[in-house]
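Here is the file structure-v3.pdb (PDB, C-alpha atoms).
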ATOM      1  CA  MET A   1       3.131   0.193 -17.283
ATOM      2  CA  SER A   2      -0.582   0.140 -16.811
ATOM      3  CA  CYS A   3      -1.481   0.493 -13.148
ATOM      4  CA  ASP A   4      -4.105  -1.695 -11.551
ATOM      5  CA  TRP A   5      -4.666   0.138  -8.247
ATOM      6  CA  LEU A   6      -6.485  -1.718  -5.507
ATOM      7  CA  ASP A   7      -9.630   0.029  -4.386
ATOM      8  CA  PRO A   8      -9.781   1.306  -0.783
ATOM      9  CA  GLU A   9     -11.786  -1.714   0.394
ATOM     10  CA  GLN A  10      -9.273  -4.189  -1.064
ATOM     11  CA  SER A  11      -6.364  -2.219   0.383
ATOM     12  CA  GLU A  12      -7.945  -2.084   3.819
ATOM     13  CA  HIS A  13      -8.524  -5.836   3.686
ATOM     14  CA  LEU A  14      -4.830  -6.482   2.989
ATOM     15  CA  TRP A  15      -3.648  -4.107   5.721
ATOM     16  CA  GLN A  16      -6.030  -5.793   8.181
ATOM     17  CA  LEU A  17      -4.476  -9.129   7.277
ATOM     18  CA  PHE A  18      -1.047  -7.820   8.294
ATOM     19  CA  ASP A  19      -2.588  -6.891  11.643
ATOM     20  CA  GLU A  20      -4.253 -10.307  12.007
ATOM     21  CA  TRP A  21      -1.170 -12.236  10.914
ATOM     22  CA  PHE A  22       1.506 -10.356  12.824
ATOM     23  CA  GLY A  23      -0.041  -7.556  14.887
ATOM     24  CA  ILE A  24       1.425  -4.850  12.648
ATOM     25  CA  PRO A  25      -0.721  -1.774  13.376
ATOM     26  CA  ARG A  26      -2.764  -0.382  10.485
ATOM     27  CA  GLN A  27      -1.272   3.112  10.901
ATOM     28  CA  ARG A  28       2.145   1.773   9.821
ATOM     29  CA  PHE A  29       0.735   1.665   6.290
ATOM     30  CA  ASP A  30      -0.662   5.208   6.239
ATOM     31  CA  GLY A  31       0.433   7.180   3.197
ATOM     32  CA  LEU A  32       0.747   4.084   1.018
ATOM     33  CA  ARG A  33      -1.361   3.001  -1.904
ATOM     34  CA  LEU A  34      -1.490  -0.549  -3.284
ATOM     35  CA  LEU A  35      -0.951  -1.575  -6.884
ATOM     36  CA  ARG A  36      -1.370  -5.043  -8.352
ATOM     37  CA  ARG A  37       0.903  -6.267 -11.095
ATOM     38  CA  GLY A  38       0.625  -9.935 -12.017
ATOM     39  CA  GLU A  39       0.546 -11.896  -8.775
ATOM     40  CA  GLY A  40       2.360  -9.177  -6.812
ATOM     41  CA  VAL A  41       0.864  -6.393  -4.712
ATOM     42  CA  PHE A  42       3.149  -3.377  -4.355
ATOM     43  CA  ALA A  43       3.036  -0.477  -1.888
ATOM     44  CA  VAL A  44       3.664   2.961  -3.368
ATOM     45  CA  ALA A  45       3.873   6.309  -1.583
ATOM     46  CA  GLU A  46       0.672   8.338  -2.107
ATOM     47  CA  ALA A  47       2.799  11.323  -3.144
ATOM     48  CA  ALA A  48       4.133   9.364  -6.145
ATOM     49  CA  VAL A  49       0.815   7.994  -7.410
ATOM     50  CA  GLY A  50       0.052  10.845  -9.819
ATOM     51  CA  ARG A  51       3.442  10.592 -11.477
ATOM     52  CA  ILE A  52       3.491   6.821 -11.901
ATOM     53  CA  ASP A  53       0.757   6.605 -14.525
ATOM     54  CA  ALA A  54       2.585   9.145 -16.713
ATOM     55  CA  LEU A  55       5.943   7.331 -16.616
ATOM     56  CA  GLN A  56       6.955   4.308 -18.663
ATOM     57  CA  LEU A  57       7.971   2.029 -15.793
ATOM     58  CA  ARG A  58       8.447  -1.716 -15.748
ATOM     59  CA  SER A  59       7.917  -1.978 -12.001
ATOM     60  CA  VAL A  60       7.350   0.283  -9.054
ATOM     61  CA  GLY A  61       6.989   0.066  -5.286
ATOM     62  CA  LEU A  62       7.728  -2.462  -2.576
ATOM     63  CA  CYS A  63       6.232  -5.950  -2.921
ATOM     64  CA  VAL A  64       4.176  -6.509   0.240
ATOM     65  CA  ALA A  65       2.105  -9.532  -0.775
ATOM     66  CA  THR A  66       1.306 -12.030  -3.482
ATOM     67  CA  VAL A  67      -2.182 -12.950  -4.616
ATOM     68  CA  ARG A  68      -3.168 -16.598  -4.132
ATOM     69  CA  ALA A  69      -6.815 -16.321  -5.194
ATOM     70  CA  VAL A  70      -9.453 -13.611  -5.242
ATOM     71  CA  GLY A  71      -9.170 -11.870  -1.874
ATOM     72  CA  GLU A  72      -6.480 -14.314  -0.654
ATOM     73  CA  TYR A  73      -3.030 -12.928  -0.013
ATOM     74  CA  ARG A  74       0.287 -14.132   1.313
ATOM     75  CA  PRO A  75       2.834 -11.716   2.776
ATOM     76  CA  ALA A  76       5.961 -11.179   0.670
ATOM     77  CA  THR A  77       9.491 -11.407   2.044
ATOM     78  CA  ARG A  78      10.422  -7.792   1.219
ATOM     79  CA  GLY A  79       7.269  -6.463   2.861
ATOM     80  CA  ILE A  80       8.013  -8.535   5.963
ATOM     81  CA  GLN A  81      11.597  -7.278   6.056
ATOM     82  CA  VAL A  82      10.417  -3.657   5.979
ATOM     83  CA  PHE A  83       7.300  -3.756   8.174
ATOM     84  CA  GLY A  84       8.144  -6.753  10.378
ATOM     85  CA  ARG A  85       9.943  -4.665  12.985
ATOM     86  CA  TRP A  86       6.489  -3.626  14.265
ATOM     87  CA  ALA A  87       5.158  -7.195  14.506
ATOM     88  CA  THR A  88       3.821  -8.272  17.886
ATOM     89  CA  ARG A  89       2.305 -11.675  17.009
ATOM     90  CA  ARG A  90       3.498 -14.909  15.430
ATOM     91  CA  VAL A  91       7.120 -13.844  15.657
ATOM     92  CA  CYS A  92       9.935 -16.378  15.978
ATOM     93  CA  GLU A  93      13.025 -14.759  17.483
ATOM     94  CA  LEU A  94      15.934 -16.870  16.259
ATOM     95  CA  ASP A  95      19.389 -17.210  17.744
ATOM     96  CA  ASP A  96      22.474 -17.826  15.584
ATOM     97  CA  ALA A  97      22.266 -21.624  15.814
ATOM     98  CA  GLN A  98      18.561 -21.712  14.938
ATOM     99  CA  LEU A  99      19.034 -19.426  11.960
ATOM    100  CA  GLY A 100      21.974 -21.522  10.780
ATOM    101  CA  SER A 101      19.865 -24.680  10.906
ATOM    102  CA  LEU A 102      17.057 -23.076   8.938
ATOM    103  CA  LEU A 103      19.492 -21.737   6.338
ATOM    104  CA  ARG A 104      20.848 -25.263   5.842
ATOM    105  CA  GLY A 105      17.333 -26.472   5.114
ATOM    106  CA  ALA A 106      16.633 -28.131   8.457
ATOM    107  CA  SER A 107      13.449 -27.617  10.414
ATOM    108  CA  LEU A 108      13.267 -26.751  14.109
ATOM    109  CA  PRO A 109      10.983 -28.226  16.763
ATOM    110  CA  TRP A 110       8.475 -25.471  17.529
ATOM    111  CA  GLU A 111       5.525 -25.345  19.885
ATOM    112  CA  GLY A 112       2.388 -23.401  19.117
ATOM    113  CA  GLU A 113      -0.335 -23.193  16.552
ATOM    114  CA  ARG A 114       0.232 -24.021  12.931
ATOM    115  CA  GLY A 115       0.641 -21.334  10.297
ATOM    116  CA  LEU A 116       2.808 -18.472   9.125
ATOM    117  CA  ARG A 117       5.525 -17.000  11.323
ATOM    118  CA  LEU A 118       7.631 -13.905  10.969
ATOM    119  CA  LEU A 119      11.299 -14.810  11.427
ATOM    120  CA  ARG A 120      13.559 -12.345  13.221
ATOM    121  CA  TRP A 121      17.270 -12.714  13.840
ATOM    122  CA  ARG A 122      18.983 -10.298  16.224
ATOM    123  CA  GLY A 123      15.793  -8.194  16.154
ATOM    124  CA  THR A 124      15.829  -7.872  12.352
ATOM    125  CA  PRO A 125      12.979  -9.356  10.302
ATOM    126  CA  VAL A 126      14.468 -11.742   7.745
ATOM    127  CA  GLY A 127      11.385 -13.348   6.217
ATOM    128  CA  LEU A 128       8.743 -15.967   6.720
ATOM    129  CA  GLY A 129       8.510 -19.447   8.114
ATOM    130  CA  VAL A 130       5.658 -21.844   8.662
ATOM    131  CA  VAL A 131       4.860 -24.092  11.597
ATOM    132  CA  ARG A 132       3.325 -27.449  10.799
ATOM    133  CA  ALA A 133       3.426 -30.699  12.738
ATOM    134  CA  ALA A 134       5.319 -28.936  15.581
ATOM    135  CA  GLN A 135       8.169 -28.020  13.203
ATOM    136  CA  LEU A 136       9.274 -24.571  12.024
ATOM    137  CA  VAL A 137      10.363 -24.499   8.375
ATOM    138  CA  ALA A 138      11.884 -21.407   6.764
ATOM    139  CA  GLN A 139      10.312 -20.080   3.584
ATOM    140  CA  LEU A 140      13.123 -17.795   2.534
ATOM    141  CA  PRO A 141      14.045 -17.130  -1.089
ATOM    142  CA  ARG A 142      17.531 -18.227  -2.156
ATOM    143  CA  ASN A 143      18.873 -14.662  -2.387
ATOM    144  CA  VAL A 144      17.877 -14.068   1.248
ATOM    145  CA  THR A 145      19.429 -17.311   2.502
ATOM    146  CA  GLU A 146      22.682 -16.590   0.644
ATOM    147  CA  HIS A 147      22.825 -13.066   2.091
ATOM    148  CA  LEU A 148      22.173 -14.297   5.639
ATOM    149  CA  GLN A 149      24.798 -17.036   5.303
ATOM    150  CA  LEU A 150      27.352 -14.403   4.294
ATOM    151  CA  GLN A 151      26.374 -12.181   7.234
ATOM    152  CA  ARG A 152      26.777 -15.072   9.658
ATOM    153  CA  MET A 153      30.189 -15.993   8.197
ATOM    154  CA  GLU A 154      31.393 -12.390   8.501
ATOM    155  CA  ARG A 155      30.445 -12.395  12.179
ATOM    156  CA  LEU A 156      32.586 -15.484  12.769
ATOM    157  CA  CYS A 157      35.705 -13.928  11.185
TER     158      CYS A 157
END
Rewrite the structure from the file as structure tokens, please.
Amino acid sequence: MSCDWLDPEQSEHLWQLFDEWFGIPRQRFDGLRLLRRGEGVFAVAEAAVGRIDALQLRSVGLCVATVRAVGEYRPATRGIQVFGRWATRRVCELDDAQLGSLLRGASLPWEGERGLRLLRWRGTPVGLGVVRAAQLVAQLPRNVTEHLQLQRMERLC
């Protein structure tokens, strides 16, 4: 795998976006280096960087964002699930009924400005949603929705 490491300025820009989007402090990303592969941006521990180039790997790291255009990023579900516990802005705390509705594909009435939201259920970050036209819509990949549906069913048994 050929590594396309982001330069420090690009990395800082992405980490600042996490602060702007969700209030996740910059220091939460200390010790991580960013690597771009295709449309994905992956966080890798600094300690592993020297070894990665020498290994024949197909993928490495934790996907924290996807690239939309030059300098434009969108947070990735896995990155949100890992770092979202430190979010202080644009967080939607969901109860069981709200999560169930979103998992069934429904939207929820939601006040506030339009844009991305970090979805948390029982204090655990589960992924992203978006508010538009006073409605919250989940943007969760199928594997996440299936996992959450199973968790909710287990709680009911």
- Task: Show me as a PyMOL selection string the residues that reach within 7 Å of (-3.0, -9.7, -5.8), counting all atoms listed in the file and using the file's own coordinates.
- Result: chain A and resi 36+39-41+66-67+73
- Compile the contact shell of region 120-125 of chain A as a VMD selection string: residues with an atom at most 9 Å away, counting only C-alpha atoms, same-chain residues fewer than 3 positions apart removed. chain A and resid 80 to 85 91 to 96 99 128
Just write the chosen residues, C-alpha atoms, as a short mmCIF file (atom, residue, chain, number, x, y, z; two decimals), in the frame of the given file.
data_model
loop_
_atom_site.label_atom_id
_atom_site.label_comp_id
_atom_site.auth_asym_id
_atom_site.auth_seq_id
_atom_site.Cartn_x
_atom_site.Cartn_y
_atom_site.Cartn_z
CA ILE A 80 8.01 -8.54 5.96
CA GLN A 81 11.60 -7.28 6.06
CA VAL A 82 10.42 -3.66 5.98
CA PHE A 83 7.30 -3.76 8.17
CA GLY A 84 8.14 -6.75 10.38
CA ARG A 85 9.94 -4.66 12.98
CA VAL A 91 7.12 -13.84 15.66
CA CYS A 92 9.94 -16.38 15.98
CA GLU A 93 13.02 -14.76 17.48
CA LEU A 94 15.93 -16.87 16.26
CA ASP A 95 19.39 -17.21 17.74
CA ASP A 96 22.47 -17.83 15.58
CA LEU A 99 19.03 -19.43 11.96
CA LEU A 128 8.74 -15.97 6.72
#
Could you produce a table of the residues of region 39-155 of chain A lying within 6 Å of region 21-24 of chain A, with the nearest pair of atoms per residue and their separation in Å rounded to one decimal, using all atoms listed in the file, ordered by chain and increasing residue number, as a tab-separated table?
residue	atom	partner	partner_atom	distance
A:Trp86	CA	A:Ile24	CA	5.5
A:Ala87	CA	A:Ile24	CA	4.8
A:Thr88	CA	A:Gly23	CA	4.9
A:Arg89	CA	A:Phe22	CA	4.5
A:Arg90	CA	A:Phe22	CA	5.6
- Query: In terms of the shortest atom-to-atom distance over all atoms listed in the file, which of A:Leu103, A:Val64, A:Ala47, A:Ala134 is closest to Arg78 (chain A)?
  - Reply: A:Val64
- Task: Using CA of Ala65 (chain A) and CA of Gly79 (chain A) as the two end points, give the distance in Å to one decimal.
- Result: 7.0 Å
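Within 7 Å of the file-frame point (1.8, -1.5, -0.6), and using all atoms listed in the file, the polymer residues found are Leu32, Arg33, Leu34, Leu35, Val41, Phe42, Ala43, Val44, Leu62, Cys63 and Val64 of chain A.
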- Expressed in Å to a single decimal, how great is the separation between CA of Gly100 (chain A) and CA of Ala133 (chain A)?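 Result for CA of Gly100 (chain A) versus CA of Ala133 (chain A): 20.8 Å, one decimal.
What separates CA of Gly61 (chain A) from CA of Ala45 (chain A) is a distance of 7.9 Å.
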- Task: Just say which residues the PyMOL selection byres ((chain A and resi 104) around 12) picks in this file, as a list in words.
- Result: Ala97, Gln98, Leu99, Gly100, Ser101, Leu102, Leu103, Gly105, Ala106, Ser107, Leu108, Val137, Ala138, Gln139, Leu140, Arg142, Thr145, Glu146, Leu148 and Gln149 of chain A
Next, write the just-selected residues to a file, as a tab-separated table (two decimals), keeping the file's coordinate frame, keeping C-alpha atoms as the atom set.
chain	number	residue	atom	x	y	z
A	97	ALA	CA	22.27	-21.62	15.81
A	98	GLN	CA	18.56	-21.71	14.94
A	99	LEU	CA	19.03	-19.43	11.96
A	100	GLY	CA	21.97	-21.52	10.78
A	101	SER	CA	19.86	-24.68	10.91
A	102	LEU	CA	17.06	-23.08	8.94
A	103	LEU	CA	19.49	-21.74	6.34
A	105	GLY	CA	17.33	-26.47	5.11
A	106	ALA	CA	16.63	-28.13	8.46
A	107	SER	CA	13.45	-27.62	10.41
A	108	LEU	CA	13.27	-26.75	14.11
A	137	VAL	CA	10.36	-24.50	8.38
A	138	ALA	CA	11.88	-21.41	6.76
A	139	GLN	CA	10.31	-20.08	3.58
A	140	LEU	CA	13.12	-17.80	2.53
A	142	ARG	CA	17.53	-18.23	-2.16
A	145	THR	CA	19.43	-17.31	2.50
A	146	GLU	CA	22.68	-16.59	0.64
A	148	LEU	CA	22.17	-14.30	5.64
A	149	GLN	CA	24.80	-17.04	5.30
- Within 8 Å of Trp15 (chain A), counting all atoms listed in the file, which residues qualify if same-chain residues fewer than 3 places away don't, as a ChimeraX atom specification? /A:11-12,18-19,26,29
- Task: Identify which of the residues A:Arg74, A:Arg51, A:Arg68, A:Arg37 lies closest to Leu17 (chain A), counting all atoms listed in the file when measuring atom-to-atom distances.
- Result: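 Nearest candidate to Leu17 (chain A) out of A:Arg74, A:Arg51, A:Arg68, A:Arg37: A:Arg74.
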- Message: Need the shell around Gly71 (chain A): protein/DNA/RNA residues with any atom at most 10 Å away, counting all atoms listed in the file. Skip same-chain ones fewer than 5 positions apart. Format as an NGL selection string?
- Response: :A and (10 or 13-14)
- Message: For this structure, which residues satisfy the selection - the PyMOL selection byres ((chain A and resi 132) around 10) - when it is evaluated on the file as given? I want them as JSON, numbers by chain.
- Response: {"A": [109, 110, 111, 112, 113, 114, 115, 116, 129, 130, 131, 133, 134, 135, 136, 137]}
- Query: From the list A:Val60, A:Leu118, A:Gly31, A:Leu6, which residue is nearest Glu46 (chain A) when using all atoms listed in the file?
  - Reply: A:Gly31
